[in-house]
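J.: See input_26.txt below, with compact mmCIF, C-alpha atoms.
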# COMPACT_ATOMS: atom_id res chain seq x y z
CA MET A 1 1.11 -62.68 51.10
CA LYS A 2 -0.01 -62.56 54.77
CA ASN A 3 -3.23 -64.42 53.87
CA LYS A 4 -1.24 -67.10 52.10
CA ASN A 5 0.89 -67.69 55.24
CA ILE A 6 -2.23 -68.00 57.40
CA ILE A 7 -3.72 -70.54 54.97
CA VAL A 8 -0.47 -72.56 55.04
CA ILE A 9 -0.40 -72.51 58.87
CA ILE A 10 -4.08 -73.55 59.07
CA GLY A 11 -3.38 -76.31 56.54
CA ILE A 12 -0.46 -77.65 58.60
CA LEU A 13 -2.60 -77.55 61.77
CA ILE A 14 -5.38 -79.51 60.03
CA ILE A 15 -2.85 -82.13 58.84
CA ILE A 16 -1.46 -82.43 62.40
CA LEU A 17 -4.99 -82.78 63.85
CA ILE A 18 -5.89 -85.46 61.28
CA PHE A 19 -2.64 -87.32 62.03
CA VAL A 20 -3.21 -87.19 65.83
CA PHE A 21 -6.84 -88.32 65.42
CA PHE A 22 -6.01 -91.29 63.23
CA ASN A 23 -3.06 -92.26 65.36
CA ASN A 24 -5.27 -92.44 68.49
CA PHE A 25 -8.04 -94.14 66.58
CA GLN A 26 -5.68 -96.83 65.38
CA LYS A 27 -4.30 -97.40 68.89
CA GLU A 28 -7.84 -97.80 70.30
CA SER A 29 -8.89 -100.18 67.58
CA VAL A 30 -5.90 -102.48 68.11
CA LYS A 31 -6.86 -103.30 71.68
CA MET A 32 -9.93 -105.39 72.32
CA ASN A 33 -12.12 -104.89 75.34
CA LYS A 34 -12.35 -107.68 77.90
CA SER A 35 -15.52 -109.40 76.67
CA LEU A 36 -14.43 -109.31 73.04
CA PHE A 37 -11.06 -110.63 74.08
CA LEU A 38 -12.69 -113.44 76.09
CA ILE A 39 -14.86 -114.38 73.12
CA SER A 40 -11.88 -114.55 70.81
CA VAL A 41 -9.88 -116.67 73.29
CA LYS A 42 -12.89 -118.93 73.90
CA GLU A 43 -13.31 -119.41 70.20
CA ILE A 44 -10.11 -121.43 70.44
CA LYS A 45 -11.83 -124.53 71.77
CA GLU A 46 -8.76 -126.66 71.94
CA LEU A 47 -5.27 -125.36 71.37
CA SER A 48 -2.85 -128.08 70.32
CA VAL A 49 0.73 -126.98 70.90
CA ILE A 50 3.02 -129.96 70.52
CA GLN A 51 3.24 -133.45 69.01
CA ILE A 52 6.01 -135.77 70.16
CA PRO A 53 6.59 -139.23 68.62
CA TYR A 54 6.43 -142.18 71.04
CA HIS A 55 7.09 -145.89 70.41
CA LYS A 56 6.55 -148.79 72.79
CA ILE A 57 6.97 -152.54 73.06
CA VAL A 58 4.02 -153.86 75.05
CA LYS A 59 3.94 -157.35 76.48
CA ASN A 60 0.78 -158.88 77.89
CA LYS A 61 0.66 -162.34 79.40
CA LYS A 62 -2.73 -163.54 80.62
CA GLY A 63 -1.85 -167.17 81.27
CA PHE A 64 -0.78 -170.37 79.61
CA PHE A 65 -0.96 -170.06 75.79
CA CYS A 66 -2.39 -166.59 76.08
CA GLU A 67 0.32 -164.00 75.57
CA ILE A 68 1.17 -161.32 73.07
CA THR A 69 3.79 -158.66 72.33
CA ILE A 70 2.76 -155.68 70.23
CA ILE A 71 4.64 -152.66 68.94
CA LEU A 72 2.79 -149.41 69.23
CA LYS A 73 3.84 -146.23 67.44
CA GLY A 74 2.28 -142.79 67.30
CA TYR A 75 2.59 -139.41 68.91
CA VAL A 76 1.64 -137.71 72.15
CA GLU A 77 -0.26 -134.52 71.52
CA GLY A 78 -0.21 -131.76 74.12
CA TYR A 79 -3.11 -129.35 74.20
CA ILE A 80 -5.15 -127.01 76.34
CA ASN A 81 -8.91 -126.79 76.49
CA LEU A 82 -10.06 -123.17 76.56
CA GLU A 83 -13.75 -123.87 76.17
CA ASN A 84 -14.60 -123.64 79.86
CA LEU A 85 -12.80 -120.34 80.40
CA ARG A 86 -14.95 -118.02 82.53
CA GLU A 87 -15.09 -114.24 82.46
CA ASP A 88 -13.23 -113.93 85.77
CA ASP A 89 -10.40 -116.06 84.38
CA ILE A 90 -9.24 -113.02 82.42
CA LYS A 91 -8.28 -109.81 84.14
CA ILE A 92 -6.91 -106.76 82.41
CA LYS A 93 -5.05 -104.14 84.41
CA ASP A 94 -3.44 -101.26 82.54
CA ASP A 95 -1.55 -102.97 79.74
CA ILE A 96 -1.15 -106.32 81.46
CA VAL A 97 -3.45 -109.29 80.90
CA TYR A 98 -3.79 -111.93 83.63
CA ILE A 99 -5.14 -115.25 82.38
CA THR A 100 -6.02 -118.25 84.51
CA ILE A 101 -5.66 -121.23 82.23
CA PRO A 102 -6.65 -124.84 82.86
CA LYS A 103 -4.00 -127.49 83.38
CA PRO A 104 -2.54 -128.66 80.07
CA GLU A 105 -3.65 -132.09 78.90
CA TYR A 106 -2.16 -134.72 76.59
CA ARG A 107 -3.28 -137.81 74.72
CA PHE A 108 -1.75 -140.52 72.61
CA ASN A 109 -2.69 -140.85 68.95
CA SER A 110 -1.60 -144.15 67.49
CA ASN A 111 -0.75 -144.51 63.82
CA TYR A 112 0.87 -147.96 63.83
CA THR A 113 0.26 -151.20 65.69
CA SER A 114 1.91 -154.49 64.83
CA VAL A 115 1.86 -157.85 66.52
CA PHE A 116 5.45 -158.89 67.15
CA LYS A 117 4.87 -162.24 68.83
CA GLU A 118 1.77 -164.10 69.91
CA ASN A 119 0.49 -167.28 71.44
CA THR A 120 -3.27 -166.98 71.67
CA ILE A 121 -4.47 -170.58 71.51
CA SER A 122 -6.37 -170.34 74.80
CA CYS A 123 -7.87 -166.85 74.51
CA ASP A 124 -9.61 -164.42 72.19
CA ARG A 125 -6.94 -162.84 69.97
CA VAL A 126 -8.80 -159.63 69.06
CA SER A 127 -9.76 -158.75 72.62
CA LEU A 128 -6.20 -159.48 73.79
CA ILE A 129 -4.81 -157.13 71.11
CA ASN A 130 -7.28 -154.40 72.11
CA GLU A 131 -6.47 -154.82 75.79
CA THR A 132 -2.73 -154.71 75.08
CA ARG A 133 -3.13 -151.58 72.96
CA GLN A 134 -4.95 -149.86 75.82
CA LEU A 135 -2.26 -150.98 78.23
CA GLY A 136 0.40 -149.61 75.86
CA GLU A 137 -1.36 -146.26 75.52
CA LYS A 138 -1.40 -145.96 79.32
CA MET A 139 2.31 -146.85 79.48
CA ILE A 140 3.17 -144.27 76.80
CA LEU A 141 1.30 -141.54 78.68
CA GLU A 142 3.24 -142.50 81.83
CA ASP A 143 6.50 -142.33 79.83
CA ALA A 144 5.54 -138.90 78.52
CA LYS A 145 4.81 -137.71 82.05
CA LYS A 146 8.20 -138.99 83.26
CA ASP A 147 9.86 -137.18 80.34
CA GLY A 148 8.40 -133.88 81.56
CA ILE A 149 5.74 -133.34 78.92
CA GLU A 150 3.51 -131.35 81.27
CA LYS A 151 6.13 -128.64 81.67
CA THR A 152 6.83 -128.64 77.91
CA ILE A 153 3.13 -128.16 77.08
CA GLU A 154 2.78 -125.46 79.74
CA ASP A 155 5.74 -123.53 78.28
CA ARG A 156 4.40 -123.83 74.73
CA VAL A 157 0.89 -122.73 75.75
CA LYS A 158 2.31 -119.67 77.50
CA GLU A 159 4.43 -118.83 74.47
CA VAL A 160 1.56 -119.17 71.98
CA LEU A 161 -0.98 -117.27 74.11
CA SER A 162 1.55 -114.53 74.92
CA LYS A 163 2.14 -113.95 71.23
CA PHE A 164 -1.59 -113.85 70.59
CA VAL A 165 -2.31 -111.40 73.43
CA LYS A 166 0.61 -109.14 72.48
CA SER A 167 -0.60 -109.08 68.88
CA LEU A 168 -3.78 -107.51 70.25
CA GLY A 169 -1.77 -104.57 71.60
CA TYR A 170 -1.30 -105.58 75.23
CA LYS A 171 2.14 -105.14 76.69
CA ASN A 172 2.46 -108.15 78.95
CA VAL A 173 0.73 -111.37 79.95
CA GLN A 174 0.81 -113.20 83.26
CA PHE A 175 -0.45 -116.77 83.55
CA ILE A 176 -1.96 -118.61 86.44
CA ILE A 177 -2.38 -122.36 85.96
CA LYS A 178 -5.59 -123.62 87.55
CA ASP A 179 -5.18 -126.05 90.47
CA SER A 180 -1.57 -125.02 90.99
CA LEU A 181 -1.71 -121.31 91.79
CA ARG A 182 1.60 -120.98 89.94
CA LEU A 183 2.40 -117.75 88.11
CA MET B 1 20.88 -89.68 81.92
CA LEU B 2 24.39 -90.65 82.90
CA PHE B 3 22.99 -93.55 84.88
CA SER B 4 20.89 -94.83 81.99
CA CYS B 5 23.88 -94.62 79.61
CA LYS B 6 25.97 -96.58 82.08
CA LYS B 7 23.20 -99.20 82.27
CA ASN B 8 23.12 -99.49 78.48
CA VAL B 9 26.86 -99.98 78.31
CA ASP B 10 26.61 -102.66 80.99
CA LEU B 11 23.86 -104.43 79.12
CA GLU B 12 25.69 -104.36 75.79
CA ASP B 13 28.89 -105.50 77.53
CA LYS B 14 27.05 -108.43 79.03
CA LEU B 15 25.32 -109.27 75.74
CA GLU B 16 28.69 -109.22 73.98
CA GLN B 17 29.99 -111.53 76.69
CA ILE B 18 27.19 -114.07 76.26
CA LYS B 19 27.68 -113.88 72.48
CA LYS B 20 31.04 -115.54 73.06
CA THR B 21 29.28 -118.67 74.31
CA GLU B 22 29.83 -121.51 71.86
CA ASN B 23 27.67 -124.18 73.50
CA PHE B 24 24.82 -122.66 75.42
CA ASN B 25 22.86 -125.46 77.04
CA ILE B 26 19.23 -125.00 76.08
CA MET B 27 17.37 -128.13 77.15
CA GLU B 28 17.35 -131.84 77.68
CA TRP B 29 14.99 -133.95 75.59
CA THR B 30 13.98 -137.58 76.04
CA THR B 31 13.27 -139.64 72.94
CA ARG B 32 12.12 -143.25 72.71
CA ASN B 33 12.32 -145.53 69.69
CA VAL B 34 11.50 -149.13 68.87
CA PHE B 35 13.42 -151.17 66.33
CA GLU B 36 12.33 -154.46 64.79
CA ILE B 37 15.25 -156.43 63.40
CA THR B 38 14.75 -159.67 61.49
CA PHE B 39 17.61 -161.96 60.46
CA THR B 40 17.63 -164.34 57.51
CA LYS B 41 16.05 -167.74 57.94
CA GLN B 42 17.93 -170.62 59.55
CA PHE B 43 16.37 -174.05 59.21
CA GLY B 44 13.26 -172.29 57.92
CA PHE B 45 12.95 -170.08 61.02
CA GLU B 46 13.65 -166.37 61.42
CA ASN B 47 15.32 -164.74 64.39
CA ARG B 48 13.42 -161.54 65.21
CA PHE B 49 14.17 -158.90 67.81
CA ALA B 50 12.24 -155.88 69.07
CA ILE B 51 14.32 -153.39 71.05
CA GLU B 52 13.17 -150.20 72.70
CA THR B 53 15.74 -147.51 73.30
CA LYS B 54 15.43 -144.43 75.42
CA SER B 55 17.80 -141.51 74.91
CA LYS B 56 18.54 -138.36 76.78
CA VAL B 57 19.61 -135.67 74.33
CA ARG B 58 21.11 -132.33 75.29
CA PHE B 59 20.49 -129.47 72.89
CA CYS B 60 22.81 -126.49 72.67
CA VAL B 61 23.02 -123.32 70.67
CA SER B 62 25.95 -121.20 69.65
CA LEU B 63 25.31 -117.60 70.62
CA ASN B 64 28.17 -116.29 68.44
CA ASP B 65 25.76 -115.22 65.70
CA LEU B 66 23.16 -113.70 68.00
CA LYS B 67 22.05 -110.39 66.52
CA TYR B 68 20.53 -107.60 68.56
CA ARG B 69 20.10 -103.86 68.73
CA VAL B 70 19.08 -101.64 71.61
CA GLU B 71 16.29 -99.20 70.83
CA GLY B 72 15.12 -97.11 73.79
CA ASN B 73 13.62 -99.43 76.33
CA TYR B 74 13.76 -102.44 74.04
CA VAL B 75 16.41 -104.92 73.02
CA ILE B 76 15.43 -106.29 69.64
CA PHE B 77 16.86 -109.68 68.76
CA GLY B 78 17.19 -110.82 65.15
CA ASN B 79 16.45 -114.37 63.99
CA LEU B 80 17.54 -116.75 66.70
CA PRO B 81 20.11 -119.42 65.78
CA ASN B 82 19.02 -123.06 65.41
CA VAL B 83 19.76 -125.50 68.19
CA ARG B 84 21.90 -128.58 67.67
CA VAL B 85 22.58 -131.82 69.49
CA CYS B 86 25.62 -131.41 71.72
CA SER B 87 25.51 -134.66 73.66
CA TYR B 88 23.38 -137.75 74.10
CA ASP B 89 23.09 -140.90 76.09
CA VAL B 90 21.39 -143.98 74.61
CA ILE B 91 19.85 -146.28 77.19
CA GLU B 92 18.67 -149.76 76.21
CA GLN B 93 15.74 -150.86 78.23
CA ILE B 94 16.10 -154.59 78.62
CA GLN B 95 12.64 -154.87 80.19
CA ASN B 96 11.22 -153.42 76.97
CA TYR B 97 12.87 -155.98 74.76
CA ASP B 98 11.44 -159.07 73.16
CA GLU B 99 12.66 -161.72 70.78
CA ASP B 100 11.24 -164.45 68.62
CA VAL B 101 14.16 -166.83 68.24
CA PHE B 102 14.21 -170.41 66.99
CA PHE B 103 15.44 -172.41 69.98
CA LEU B 104 17.88 -174.49 67.91
CA SER B 105 19.32 -171.47 66.13
CA PRO B 106 23.12 -171.59 66.34
CA ASN B 107 23.37 -167.88 65.57
CA ALA B 108 20.91 -166.65 68.19
CA GLN B 109 23.52 -165.12 70.48
CA ARG B 110 25.40 -163.47 67.61
CA ASN B 111 22.15 -162.14 66.13
CA ARG B 112 21.03 -160.80 69.52
CA ARG B 113 24.29 -158.91 70.04
CA MET B 114 24.13 -157.52 66.53
CA ALA B 115 20.47 -156.48 66.97
CA PHE B 116 21.33 -154.47 70.08
CA GLN B 117 24.26 -152.82 68.35
CA MET B 118 22.11 -151.93 65.33
CA ALA B 119 19.37 -150.52 67.55
CA VAL B 120 21.87 -148.25 69.30
CA GLU B 121 23.43 -147.10 66.01
CA SER B 122 20.00 -146.42 64.46
CA THR B 123 19.05 -144.46 67.57
CA LYS B 124 22.15 -142.28 67.14
CA ILE B 125 21.10 -141.46 63.56
CA MET B 126 17.58 -140.62 64.73
CA ILE B 127 18.99 -138.38 67.45
CA MET B 128 20.99 -136.40 64.89
CA ASN B 129 17.82 -136.04 62.80
CA LEU B 130 16.08 -134.43 65.77
CA GLU B 131 17.88 -131.21 64.81
CA ASN B 132 15.55 -131.01 61.79
CA ASP B 133 12.42 -131.52 63.86
CA PRO B 134 10.43 -128.23 63.77
CA ASN B 135 8.78 -129.13 67.10
CA ILE B 136 12.15 -129.29 68.81
CA GLN B 137 13.50 -126.16 67.12
CA GLU B 138 10.37 -124.23 68.08
CA HIS B 139 10.46 -125.43 71.67
CA ALA B 140 14.17 -124.71 72.03
CA LYS B 141 13.74 -121.22 70.62
CA ALA B 142 10.92 -120.57 73.09
CA VAL B 143 13.33 -121.54 75.88
CA LEU B 144 16.00 -119.23 74.42
CA ARG B 145 13.51 -116.36 74.10
CA GLY B 146 12.57 -116.89 77.76
CA PHE B 147 16.22 -116.74 78.79
CA LEU B 148 16.98 -113.61 76.75
CA SER B 149 13.82 -111.84 77.99
CA GLY B 150 14.77 -112.60 81.58
CA PHE B 151 18.34 -111.51 80.96
CA VAL B 152 17.53 -108.08 79.53
CA LYS B 153 14.89 -107.57 82.21
CA LEU B 154 17.71 -107.58 84.77
CA PHE B 155 18.85 -104.37 83.08
CA GLY B 156 15.37 -102.85 83.06
CA LYS B 157 14.79 -103.54 79.36
CA GLU B 158 12.23 -105.48 77.44
CA ALA B 159 13.09 -108.03 74.76
CA LYS B 160 11.48 -108.14 71.34
CA PHE B 161 12.09 -110.82 68.74
CA GLU B 162 12.10 -110.43 65.00
CA GLU B 163 10.86 -113.49 63.14
Since I need it in another form, could you write the structure as structure tokens?
T.:
Amino acid sequence: MKNKNIIVIIGILIIILIFVFFNNFQKESVKMNKSLFLISVKEIKELSVIQIPYHKIVKNKKGFFCEITIILKGYVEGYINLENLREDDIKIKDDIVYITIPKPEYRFNSNYTSVFKENTISCDRVSLINETRQLGEKMILEDAKKDGIEKTIEDRVKEVLSKFVKSLGYKNVQFIIKDSLRL
Amino acid sequence: MLFSCKKNVDLEDKLEQIKKTENFNIMEWTTRNVFEITFTKQFGFENRFAIETKSKVRFCVSLNDLKYRVEGNYVIFGNLPNVRVCSYDVIEQIQNYDEDVFFLSPNAQRNRRMAFQMAVESTKIMIMNLENDPNIQEHAKAVLRGFLSGFVKLFGKEAKFEE
């Protein structure tokens, strides 16, 4: 009877030890070390976080009998380029990860162009259309800037990267945007 | 112990208070659209108009259905409510307007007025459809998560979100 009790106690102790061991093992395996973490972040070459539709009427008058109005439609895509992230851009202190990220970027992807009105007797039609398209793309990017797209992209990048870092077992993430020293 | 209980009560009191908010202002969004409107032929010519509208839309959320529970150091929020349009302002940009109108057209002025009105009405429909845009919902929820995280932090807690 006494032997049986000892065997039961030893059995319980072994189960507790196994549980503690696996629990610690799991915790360790969830967190990545810094270089592994950097590799996995750098593997995301370009992180696209938002696409906002933009439309524009673009007028271009070069002279007498050389003018055109086109309608340009598409979307502005906000993204961040993580390819050039260096090792010292990521710092890990206790459970907090500090990441210095590059300034978010954005570009216009057009999916529709139509000529609304034209008078191209005295100039090359195709080159005028191309020039007007480029002018329109520039105008759309300026519109997007005025509408506060940079802040929107920055917020989305922080949100996405925070989720990613926290899924690796870290408690908190702090961001520093390059060129702005803003936390 | 007494202090931490008091803090919890304060936090839950405050959360219950913000839950009473019907229209919580989440963000302002700018949207731009172009409309091409063509009228039927007159003397063999069409009157065509291209109008660009710019709109400032304010998105709100009702916090009445906000679900949360306090577990130790964490406040865990359930699925966040969807945002909706609570006000908007449609701005016609005359400088981004063009027309292709037959110069003898007797209806030009009437067509022009109607084109502008149609552009504004179409913009309003597009604004209401923004509520179904996943990009906007996602961005608005990120803003709301940021607000709630900051709010519970004031009480020394950390926010978690169930999705």
J.: Could you list, with a cut-off of 8 Å and counting all atoms listed in the file, the residues of chain B near chain A, each shown with its nearest atom pair and the distance in Å rounded to one decimal, rows sorted by chain and ascending number, as a tab-separated table?
T.:
residue	atom	partner	partner_atom	distance
B:Trp29	CA	A:Asp147	CA	7.7
B:Thr30	CA	A:Asp147	CA	6.0
B:Thr31	CA	A:Tyr54	CA	7.5
B:Arg32	CA	A:Tyr54	CA	6.0
B:Asn33	CA	A:His55	CA	5.3
B:Val34	CA	A:His55	CA	5.7
B:Ala50	CA	A:Ile57	CA	7.4
B:Ile51	CA	A:Ile57	CA	7.7
B:Glu52	CA	A:Ile57	CA	6.6
B:Asn96	CA	A:Ile57	CA	5.8
B:Tyr97	CA	A:Ile57	CA	7.0
B:Asp98	CA	A:Thr69	CA	7.7
B:Asp100	CA	A:Lys117	CA	6.7
B:Asn135	CA	A:Ile50	CA	6.8
B:His139	CA	A:Arg156	CA	7.0
B:Ala142	CA	A:Glu159	CA	6.9
J.: Hey, what's within 8 Å of Leu63 (chain B) if we count all atoms listed in the file and toss same-chain stuff fewer than 3 positions away? As a PyMOL selection string, please?
T.: chain B and resi 18-24+66+81
J.: How close does region 149-179 of chain A get to region 83-97 of chain A? List, as a Markdown table, each residue of region 149-179 of chain A within 7 Å, its nearest atom pair and the distance in Å to one decimal, counting all atoms listed in the file.
T.:
| residue | atom | partner | partner_atom | distance |
| --- | --- | --- | --- | --- |
| A:Tyr170 | CA | A:Asp95 | CA | 5.2 |
| A:Lys171 | CA | A:Asp95 | CA | 5.3 |
| A:Asn172 | CA | A:Ile96 | CA | 4.8 |
| A:Val173 | CA | A:Val97 | CA | 4.8 |
| A:Gln174 | CA | A:Val97 | CA | 6.2 |
J.: Given the choices B:Leu11, B:Val75, B:Ile125, B:Cys86, which gets closest to Ser149 (chain B) if the distance is worked out from all atoms listed in the file?
T.: B:Val75
J.: What's around Ile68 (chain A) at 12 Å? Count all atoms listed in the file, leave out sequence neighbours fewer than 6 positions away in its own chain, and write the answer as a ChimeraX atom specification.
T.: /A:57-62,114-133 /B:98-100
J.: Do you know which residues are at most 9 Å from region 153-161 of chain B counting all atoms listed in the file, after dropping those on the same chain fewer than 3 positions away, and could you put them as a PyMOL selection string?
T.: chain B and resi 7-8+10-11+72-80+145+148-150
J.: For Ser40 (chain A), which of A:Ile9, A:Leu82, A:Ile177, A:Leu135 is the closest residue, counting all atoms listed in the file?
T.: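 So, comparing all the options, the nearest one is A:Leu82.
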J.: Could you check how far CA of Gly78 (chain A) sits from CA of Glu43 (chain A), in Å to one decimal?
T.: 18.4 Å
J.: Just to confirm, what's the straight-line distance from CA of Glu154 (chain A) to CA of Tyr106 (chain A) in Å (one decimal)?
T.: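 If I compute the distance from CA of Glu154 (chain A) to CA of Tyr106 (chain A), I get 11.0 Å.
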J.: Step by step: start from the point (16.5, -162.6, 61.9) in the file's coordinates, keep every protein, DNA or RNA residue that has an atom no farther than 10 Å from it, count only C-alpha atoms, and write the set as an NGL selection string.
T.: :B and (36-42 or 45-49 or 99-102 or 107-108 or 111-112 or 115)
J.: Can you measure CA of Asp133 (chain B) to CA of Met139 (chain A) for me? One decimal in Å is fine.
T.: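 Separation of CA of Asp133 (chain B) and CA of Met139 (chain A): 24.1 Å.
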J.: Given only C-alpha atoms as the basis, pick out the residue of B:Phe43, B:Phe103, B:Tyr68, B:Phe116 nearest to Glu16 (chain B).
T.: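 Under the stated criterion, the closest residue is B:Tyr68.
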J.: Please complete region 116-136 of chain A so it has N, CA and C atoms, and hand it over as a compact mmCIF listing (two decimals), keeping the file's coordinate frame.
T.:
# COMPACT_ATOMS: atom_id res chain seq x y z
N PHE A 116 4.08 -158.40 67.30
CA PHE A 116 5.45 -158.89 67.15
C PHE A 116 5.50 -160.40 67.40
N LYS A 117 4.82 -160.83 68.45
CA LYS A 117 4.87 -162.24 68.83
C LYS A 117 3.55 -162.59 69.51
N GLU A 118 3.03 -163.75 69.25
CA GLU A 118 1.77 -164.10 69.91
C GLU A 118 1.64 -165.60 70.14
N ASN A 119 0.88 -165.91 71.16
CA ASN A 119 0.49 -167.28 71.44
C ASN A 119 -0.90 -167.17 72.04
N THR A 120 -1.89 -167.27 71.20
CA THR A 120 -3.27 -166.98 71.67
C THR A 120 -4.19 -168.18 71.45
N ILE A 121 -3.66 -169.35 71.72
CA ILE A 121 -4.47 -170.58 71.51
C ILE A 121 -5.64 -170.61 72.51
N SER A 122 -5.35 -170.17 73.77
CA SER A 122 -6.37 -170.34 74.80
C SER A 122 -7.15 -169.06 75.10
N CYS A 123 -7.08 -168.06 74.24
CA CYS A 123 -7.87 -166.85 74.51
C CYS A 123 -8.26 -166.15 73.22
N ASP A 124 -9.12 -165.13 73.36
CA ASP A 124 -9.61 -164.42 72.19
C ASP A 124 -8.54 -163.42 71.72
N ARG A 125 -8.06 -163.62 70.50
CA ARG A 125 -6.94 -162.84 69.97
C ARG A 125 -7.27 -161.35 69.89
N VAL A 126 -8.45 -161.04 69.31
CA VAL A 126 -8.80 -159.63 69.06
C VAL A 126 -8.92 -158.86 70.38
N SER A 127 -9.61 -159.49 71.36
CA SER A 127 -9.76 -158.75 72.62
C SER A 127 -8.42 -158.60 73.34
N LEU A 128 -7.53 -159.59 73.17
CA LEU A 128 -6.20 -159.48 73.79
C LEU A 128 -5.40 -158.35 73.13
N ILE A 129 -5.52 -158.22 71.81
CA ILE A 129 -4.81 -157.13 71.11
C ILE A 129 -5.35 -155.78 71.60
N ASN A 130 -6.68 -155.66 71.66
CA ASN A 130 -7.28 -154.40 72.11
C ASN A 130 -6.85 -154.04 73.53
N GLU A 131 -6.86 -155.05 74.39
CA GLU A 131 -6.47 -154.82 75.79
C GLU A 131 -5.00 -154.39 75.87
N THR A 132 -4.17 -155.02 75.05
CA THR A 132 -2.73 -154.71 75.08
C THR A 132 -2.48 -153.30 74.53
N ARG A 133 -3.25 -152.95 73.52
CA ARG A 133 -3.13 -151.58 72.96
C ARG A 133 -3.45 -150.54 74.02
N GLN A 134 -4.56 -150.80 74.75
CA GLN A 134 -4.95 -149.86 75.82
C GLN A 134 -3.88 -149.76 76.90
N LEU A 135 -3.33 -150.93 77.23
CA LEU A 135 -2.26 -150.98 78.23
C LEU A 135 -1.06 -150.16 77.75
N GLY A 136 -0.73 -150.33 76.46
CA GLY A 136 0.40 -149.61 75.86
C GLY A 136 0.17 -148.11 75.85
